[in-house]
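Data block for run_34.csv (CSV, C-alpha atoms and all ligand atoms):
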```csv
chain,number,residue,atom,x,y,z
A,1,MET,CA,-39.2,116.7,120.5
A,2,VAL,CA,-36.1,115.3,118.7
A,3,ARG,CA,-33.4,117.4,117.0
A,4,VAL,CA,-31.9,115.7,114.0
A,5,GLY,CA,-28.9,117.2,112.3
A,6,ILE,CA,-28.4,116.5,108.6
A,7,VAL,CA,-24.9,117.1,107.1
A,8,ALA,CA,-25.9,119.6,104.4
A,9,LEU,CA,-22.7,120.1,102.3
A,10,GLN,CA,-23.6,118.0,99.2
A,11,GLY,CA,-25.8,115.1,98.3
A,12,GLY,CA,-29.3,113.9,99.2
A,13,ILE,CA,-30.1,116.5,101.9
A,14,ALA,CA,-33.8,117.3,101.1
A,15,GLU,CA,-34.7,113.7,100.7
A,16,HIS,CA,-33.4,112.8,104.2
A,17,GLN,CA,-35.1,115.9,105.6
A,18,HIS,CA,-38.4,114.7,104.1
A,19,MET,CA,-38.0,111.2,105.5
A,20,VAL,CA,-37.1,112.4,109.0
A,21,ARG,CA,-40.3,114.4,109.1
A,22,LEU,CA,-42.4,111.5,107.8
A,23,ALA,CA,-40.7,109.1,110.3
A,24,ALA,CA,-41.4,111.4,113.2
A,25,GLN,CA,-45.0,111.8,112.2
A,26,LYS,CA,-45.4,108.0,112.2
A,27,LEU,CA,-43.9,107.9,115.7
A,28,ASP,CA,-46.1,110.8,116.8
A,29,LEU,CA,-43.1,112.8,117.8
A,30,GLY,CA,-42.2,116.4,117.2
A,31,VAL,CA,-39.0,116.9,115.2
A,32,GLU,CA,-36.6,119.7,114.4
A,33,VAL,CA,-34.3,119.3,111.5
A,34,VAL,CA,-31.0,121.2,111.7
A,35,LEU,CA,-28.9,121.5,108.5
A,36,LEU,CA,-25.2,121.1,109.4
A,37,LYS,CA,-22.8,123.2,107.3
A,38,LYS,CA,-20.2,124.2,109.9
A,39,ALA,CA,-19.0,123.2,113.3
A,40,SER,CA,-21.2,125.6,115.2
A,41,ASP,CA,-24.4,124.2,113.6
A,42,ALA,CA,-23.7,120.9,115.4
A,43,LYS,CA,-25.0,121.3,118.9
A,44,ASP,CA,-27.8,119.8,121.1
A,45,LEU,CA,-28.5,117.1,118.5
A,46,ASP,CA,-30.3,113.9,119.3
A,47,ALA,CA,-29.3,112.2,116.0
A,48,ILE,CA,-27.1,112.8,113.0
A,49,ILE,CA,-27.6,111.8,109.3
A,50,ILE,CA,-24.7,111.8,106.8
A,51,PRO,CA,-26.3,111.6,103.3
A,52,GLY,CA,-25.0,110.0,100.1
A,53,GLY,CA,-23.4,111.9,97.4
A,54,GLU,CA,-19.7,112.1,96.7
A,55,SER,CA,-17.7,111.1,99.8
A,56,THR,CA,-14.5,113.0,98.7
A,57,THR,CA,-16.5,116.2,98.3
A,58,ILE,CA,-18.4,115.9,101.5
A,59,GLY,CA,-15.2,115.0,103.4
A,60,VAL,CA,-13.1,117.9,102.0
A,61,LEU,CA,-15.9,120.4,102.7
A,62,ALA,CA,-16.5,119.0,106.2
A,63,LYS,CA,-12.9,119.2,107.0
A,64,ARG,CA,-12.6,122.8,105.8
A,65,THR,CA,-15.5,124.0,107.8
A,66,GLY,CA,-14.5,122.2,111.0
A,67,LEU,CA,-17.7,120.2,110.9
A,68,MET,CA,-15.7,117.0,110.6
A,69,ASP,CA,-14.0,117.2,114.0
A,70,ARG,CA,-17.2,118.3,115.7
A,71,LEU,CA,-19.2,115.4,114.2
A,72,LYS,CA,-16.5,112.9,115.2
A,73,GLU,CA,-16.7,114.1,118.7
A,74,MET,CA,-20.5,113.9,118.9
A,75,ILE,CA,-20.6,110.4,117.3
A,76,LEU,CA,-17.9,109.1,119.6
A,77,GLU,CA,-19.9,110.5,122.6
A,78,GLY,CA,-22.8,108.2,121.4
A,79,THR,CA,-25.1,110.5,119.4
A,80,PRO,CA,-27.0,108.0,117.2
A,81,THR,CA,-25.9,108.4,113.6
A,82,LEU,CA,-27.0,107.1,110.2
A,83,GLY,CA,-24.7,107.3,107.2
A,84,THR,CA,-26.0,106.4,103.8
A,85,CYS,CA,-23.8,105.5,100.9
A,86,ALA,CA,-21.1,108.2,100.8
A,87,GLY,CA,-22.1,108.8,104.4
A,88,ALA,CA,-21.2,105.2,105.2
A,89,ILE,CA,-17.8,105.7,103.5
A,90,LEU,CA,-17.1,108.7,105.7
A,91,MET,CA,-18.0,106.7,108.9
A,92,ALA,CA,-15.6,103.8,108.2
A,93,LYS,CA,-12.2,103.5,109.8
A,94,LYS,CA,-10.8,101.7,106.8
A,95,LEU,CA,-11.3,102.4,103.1
A,96,SER,CA,-10.4,100.4,100.0
A,97,GLY,CA,-11.2,100.8,96.3
A,98,THR,CA,-10.1,104.5,96.5
A,99,ARG,CA,-7.0,106.2,95.3
A,100,GLY,CA,-4.9,108.1,97.7
A,101,GLN,CA,-6.2,109.7,100.9
A,102,GLN,CA,-9.5,111.3,101.5
A,103,PRO,CA,-10.7,113.0,104.7
A,104,THR,CA,-13.1,110.8,106.7
A,105,LEU,CA,-14.7,110.6,110.2
A,106,GLY,CA,-13.2,107.2,110.8
A,107,VAL,CA,-15.6,106.2,113.6
A,108,MET,CA,-16.9,102.7,112.7
A,109,ASP,CA,-14.9,99.5,113.0
A,110,VAL,CA,-15.6,98.5,109.4
A,111,GLU,CA,-13.7,98.4,106.1
A,112,VAL,CA,-15.7,99.9,103.2
A,113,HIS,CA,-14.9,99.4,99.6
A,114,ARG,CA,-15.9,102.3,97.5
A,115,ASN,CA,-17.8,101.7,94.2
A,116,TYR,CA,-17.8,98.0,95.1
A,117,PHE,CA,-20.2,96.9,92.4
A,118,GLY,CA,-18.3,98.6,89.6
A,119,ARG,CA,-19.5,99.7,86.3
A,120,GLN,CA,-21.6,96.7,85.3
A,121,ARG,CA,-23.9,97.2,88.3
A,122,GLU,CA,-23.6,100.9,88.9
A,123,SER,CA,-27.2,101.2,90.0
A,124,PHE,CA,-29.7,98.5,90.9
A,125,GLU,CA,-32.5,97.8,93.3
A,126,ILE,CA,-33.0,94.7,95.4
A,127,ASP,CA,-35.1,93.5,98.4
A,128,LEU,CA,-33.2,93.3,101.6
A,129,ASN,CA,-33.7,91.6,105.0
A,130,ILE,CA,-32.3,93.9,107.6
A,131,ASP,CA,-32.1,92.2,111.0
A,132,PHE,CA,-33.2,95.1,113.1
A,133,LEU,CA,-36.3,95.9,111.1
A,134,GLU,CA,-39.7,94.2,111.4
A,135,GLY,CA,-42.1,93.6,108.5
A,136,PRO,CA,-41.5,93.1,104.8
A,137,PRO,CA,-38.2,93.3,103.1
A,138,PHE,CA,-36.7,96.8,102.6
A,139,ARG,CA,-36.2,97.9,99.1
A,140,GLY,CA,-32.5,98.8,98.7
A,141,ILE,CA,-31.6,101.4,96.0
A,142,PHE,CA,-27.9,101.2,95.2
A,143,ILE,CA,-26.2,104.0,93.2
A,144,ARG,CA,-22.4,103.6,92.7
A,145,ALA,CA,-22.6,101.9,96.1
A,146,PRO,CA,-19.9,100.8,98.4
A,147,ALA,CA,-20.0,97.5,100.3
A,148,PHE,CA,-18.7,96.5,103.8
A,149,THR,CA,-15.7,94.2,103.4
A,150,ASP,CA,-14.6,93.7,107.0
A,151,PHE,CA,-15.9,94.2,110.6
A,152,TRP,CA,-14.1,94.1,113.9
A,153,ASN,CA,-14.7,95.0,117.6
A,154,GLY,CA,-18.3,95.9,118.1
A,155,ALA,CA,-19.3,96.3,114.4
A,156,ARG,CA,-21.5,93.7,112.6
A,157,SER,CA,-23.4,93.2,109.4
A,158,ALA,CA,-27.2,93.7,109.6
A,159,ALA,CA,-28.0,92.8,106.0
A,160,SER,CA,-26.3,91.2,103.0
A,161,ILE,CA,-27.1,90.4,99.4
A,162,ASN,CA,-26.0,87.6,97.1
A,163,VAL,CA,-23.9,88.7,94.2
A,164,ASN,CA,-22.9,85.9,91.8
A,165,GLY,CA,-23.0,83.4,94.7
A,166,LYS,CA,-21.0,85.6,97.0
A,167,LYS,CA,-22.4,87.2,100.2
A,168,VAL,CA,-21.9,91.0,100.2
A,169,ASP,CA,-22.6,93.0,103.3
A,170,VAL,CA,-24.6,96.2,102.8
A,171,VAL,CA,-25.7,97.4,106.3
A,172,ALA,CA,-23.3,97.8,109.2
A,173,VAL,CA,-24.2,98.6,112.8
A,174,GLU,CA,-22.1,99.3,115.8
A,175,GLY,CA,-23.6,100.7,119.1
A,176,SER,CA,-25.8,103.6,118.0
A,177,MET,CA,-24.2,103.9,114.5
A,178,ILE,CA,-25.9,102.6,111.4
A,179,ALA,CA,-24.4,102.7,107.9
A,180,THR,CA,-26.0,101.6,104.7
A,181,SER,CA,-24.6,101.0,101.2
A,182,PHE,CA,-27.8,102.1,99.7
A,183,HIS,CA,-30.3,105.0,99.8
A,184,PRO,CA,-33.2,104.5,102.2
A,185,GLU,CA,-34.2,108.2,101.7
A,186,LEU,CA,-35.1,107.4,98.1
A,187,THR,CA,-37.8,104.9,99.0
A,188,GLY,CA,-41.2,105.7,100.6
A,189,ASP,CA,-40.1,103.4,103.5
A,190,THR,CA,-39.3,105.3,106.7
A,191,ARG,CA,-38.4,102.3,108.9
A,192,ILE,CA,-34.6,103.0,108.9
A,193,HIS,CA,-35.3,106.7,109.8
A,194,GLU,CA,-37.8,105.6,112.5
A,195,TYR,CA,-35.2,103.3,113.9
A,196,LEU,CA,-32.7,106.1,114.2
A,197,ILE,CA,-35.2,108.4,115.8
A,198,LYS,CA,-36.1,105.6,118.3
A,199,LEU,CA,-32.4,105.3,119.2
A,200,ALA,CA,-32.3,109.1,119.7
A,201,LYS,CA,-35.2,108.9,122.1
A,202,LYS,CA,-33.5,106.3,124.3
A,301,LIG,N1,-19.6,106.5,94.8
A,301,LIG,C1,-19.8,107.5,95.8
A,301,LIG,C2,-18.5,107.7,96.6
A,301,LIG,O1,-17.6,106.9,96.5
A,301,LIG,C3,-20.9,107.2,96.7
A,301,LIG,C4,-22.2,107.2,95.9
A,301,LIG,C5,-23.4,107.6,96.6
A,301,LIG,O2,-23.4,108.1,97.7
A,301,LIG,N2,-24.5,107.3,96.0
A,301,LIG,O3,-18.4,108.6,97.4
```
What is this file in structure tokens?
Amino acid sequence: MVRVGIVALQGGIAEHQHMVRLAAQKLDLGVEVVLLKKASDAKDLDAIIIPGGESTTIGVLAKRTGLMDRLKEMILEGTPTLGTCAGAILMAKKLSGTRGQQPTLGVMDVEVHRNYFGRQRESFEIDLNIDFLEGPPFRGIFIRAPAFTDFWNGARSAASINVNGKKVDVVAVEGSMIATSFHPELTGDTRIHEYLIKLAKK
């Protein structure tokens, strides 16, 4: 049995919940999903998911409820964590493309540029080769997506795309943290969620 906590303040909560259940089924594992709204919800978790949505909103709410500090503690203790889109923004230690300050977890040694693709490419889909996944390319669904613009210490890029001849990094990993620019919960492909659950079982 694995217990997966999903930050449930705003954004794609139900979609991640669905994917976690499907992924656990494929791995033949029992799963319990815990919706995280306040600090006291976050206990005895084997893995954490921070969904996409609006990073400022999620950050402000998480700070207010005390969930932010609790999550930060658990992630730094090594609880495997997946952040998607706004979730990736919340995990980064350094932000660009954003005005002023916004509350974040600041746990990953990466710089994230918010809304990297700008207006012209607000939303798009593209096949990705993610270095820790086996099998066919993963379909990346990008919605007002960020990109990873710098990595240091133990963080590295696990997938990139080509934008007008320039390599743009869209998946970051560091220890048991995974952050994606795109929305794996909007595909039928459970491989990233399976990967997280496998990390949680280790
Ligand atoms: N653009 C959003 C932000 O900056 C992220 C978009 C998303 O999660 N789909 O927070």
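From atom CA of A:Ile75 back to atom CA of A:Ser40, the distance works out to 15.4 Å.
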Go through chain A and flag each residue having an atom no more than 7 Å from ligand LIG 301 (chain A); for those, report the closest pair of atoms plus their distance in Å to one decimal, using only C-alpha atoms and all ligand atoms, ordered by chain and rising number, as a tab-separated table.
```
residue	atom	partner	partner_atom	distance
A:Gly52	CA	A:LIG301	O2	3.5
A:Gly53	CA	A:LIG301	O2	3.8
A:Glu54	CA	A:LIG301	O3	3.8
A:Ser55	CA	A:LIG301	O3	3.5
A:Thr56	CA	A:LIG301	O3	6.0
A:Thr84	CA	A:LIG301	O2	6.8
A:Cys85	CA	A:LIG301	O2	4.1
A:Ala86	CA	A:LIG301	O2	3.9
A:Gly87	CA	A:LIG301	O2	6.9
A:Ile89	CA	A:LIG301	O3	6.8
A:Arg114	CA	A:LIG301	O1	5.0
A:Asn115	CA	A:LIG301	N1	5.2
A:Ile143	CA	A:LIG301	N2	4.6
A:Arg144	CA	A:LIG301	N1	4.5
A:Ala145	CA	A:LIG301	C4	5.3
A:Pro146	CA	A:LIG301	C3	6.7
```
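If you measure from each of A:Glu134, A:Glu77, A:Glu15, A:Asp169 to A:Glu194 using all atoms listed in the file, the closest one turns out to be A:Glu134.
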Nearby residues (only C-alpha atoms) at most 10 Å from A:Leu22, same-chain spacing under 5 positions excluded, as a PyMOL selection string: chain A and resi 16-17+27-28+31+188-190+193-194
Straight-line distance linking atom CA of A:Glu73 with atom CA of A:Glu111, stated in Å to one decimal: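 Separation between atom CA of A:Glu73 and atom CA of A:Glu111: 20.4 Å.
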Residues near stretch 102-108 of chain A, cut-off 6 Å, only C-alpha atoms, skip fewer than 6 positions along chain, as a ChimeraX atom specification: /A:56,59,72,90-93
Contact residues around A:Ile192 with all atoms listed in the file at 10 Å, ignoring same-chain residues under 3 positions, as a VMD selection string: chain A and resid 19 to 20 23 82 130 132 to 133 138 178 180 184 to 185 189 195 to 198
Selection file, C-alpha atoms, as a PDB file, in the coordinates of the input:
```pdb
ATOM      1  CA  MET A  19     -38.000 111.200 105.500  1.00  0.00           C
ATOM      2  CA  VAL A  20     -37.100 112.400 109.000  1.00  0.00           C
ATOM      3  CA  ALA A  23     -40.700 109.100 110.300  1.00  0.00           C
ATOM      4  CA  LEU A  82     -27.000 107.100 110.200  1.00  0.00           C
ATOM      5  CA  ILE A 130     -32.300  93.900 107.600  1.00  0.00           C
ATOM      6  CA  PHE A 132     -33.200  95.100 113.100  1.00  0.00           C
ATOM      7  CA  LEU A 133     -36.300  95.900 111.100  1.00  0.00           C
ATOM      8  CA  PHE A 138     -36.700  96.800 102.600  1.00  0.00           C
ATOM      9  CA  ILE A 178     -25.900 102.600 111.400  1.00  0.00           C
ATOM     10  CA  THR A 180     -26.000 101.600 104.700  1.00  0.00           C
ATOM     11  CA  PRO A 184     -33.200 104.500 102.200  1.00  0.00           C
ATOM     12  CA  GLU A 185     -34.200 108.200 101.700  1.00  0.00           C
ATOM     13  CA  ASP A 189     -40.100 103.400 103.500  1.00  0.00           C
ATOM     14  CA  TYR A 195     -35.200 103.300 113.900  1.00  0.00           C
ATOM     15  CA  LEU A 196     -32.700 106.100 114.200  1.00  0.00           C
ATOM     16  CA  ILE A 197     -35.200 108.400 115.800  1.00  0.00           C
ATOM     17  CA  LYS A 198     -36.100 105.600 118.300  1.00  0.00           C
TER      18      LYS A 198
END
```
Top pick for closest residue to A:Leu71, considering A:Val112, A:Leu29, A:Val7, A:Ala172 and counting all atoms listed in the file: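 When distances to A:Leu71 are compared using all atoms listed in the file, the smallest one comes from A:Val7.
Atom CA of A:Asp44 is positioned 27.1 Å from atom CA of A:Leu186.
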Nearest residue to A:Phe117 from the set A:Ala14, A:Ala147, A:Ala62, A:Ala24 (distances using all atoms listed in the file):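 Once distances to A:Phe117 are computed over all atoms listed in the file, the minimum belongs to A:Ala147.
Across A:Val163, A:Leu199, A:Leu128, A:Ile6, the tightest approach to A:Gly83 is made by A:Ile6 when counting all atoms listed in the file.
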Who sits within 9 Å of A:Phe124, all atoms listed in the file, same chain under 4 positions skipped, as number ranges by chain: A: 140-143
Output, as AutoDock Vina command-line options, the centre and edge lengths in Å (one decimal) of the axis-aligned box that contains all listed atoms of stretch 130-149 of chain A with 3 Å of margin on each side.
```
--center_x -28.9 --center_y 98.1 --center_z 102.9 --size_x 32.4 --size_y 17.8 --size_z 26.4
```
Nearest residue to A:Lys37 from the set A:His18, A:Lys167, A:Lys63, A:Lys202 (distances using all atoms listed in the file):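 When distances to A:Lys37 are compared using all atoms listed in the file, the smallest one comes from A:Lys63.
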Which of A:Ile48, A:Ile126, A:Leu67, A:Ala39 sits closest to A:Ser176 [using all atoms listed in the file]: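 Closest to A:Ser176 of all the choices is A:Ile48.
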Point (-19.7, 96.5, 113.9), cut-off 8 Å, counting all atoms listed in the file, residues as an mmCIF file with C-alpha atoms, in the coordinates of the input:
```
data_model
loop_
_atom_site.group_PDB
_atom_site.id
_atom_site.type_symbol
_atom_site.label_atom_id
_atom_site.label_comp_id
_atom_site.auth_asym_id
_atom_site.auth_seq_id
_atom_site.Cartn_x
_atom_site.Cartn_y
_atom_site.Cartn_z
ATOM 1 C CA MET A 108 -16.900 102.700 112.700
ATOM 2 C CA ASP A 109 -14.900 99.500 113.000
ATOM 3 C CA VAL A 110 -15.600 98.500 109.400
ATOM 4 C CA PHE A 151 -15.900 94.200 110.600
ATOM 5 C CA TRP A 152 -14.100 94.100 113.900
ATOM 6 C CA ASN A 153 -14.700 95.000 117.600
ATOM 7 C CA GLY A 154 -18.300 95.900 118.100
ATOM 8 C CA ALA A 155 -19.300 96.300 114.400
ATOM 9 C CA ARG A 156 -21.500 93.700 112.600
ATOM 10 C CA SER A 157 -23.400 93.200 109.400
ATOM 11 C CA ALA A 172 -23.300 97.800 109.200
ATOM 12 C CA VAL A 173 -24.200 98.600 112.800
ATOM 13 C CA GLU A 174 -22.100 99.300 115.800
ATOM 14 C CA GLY A 175 -23.600 100.700 119.100
#
```
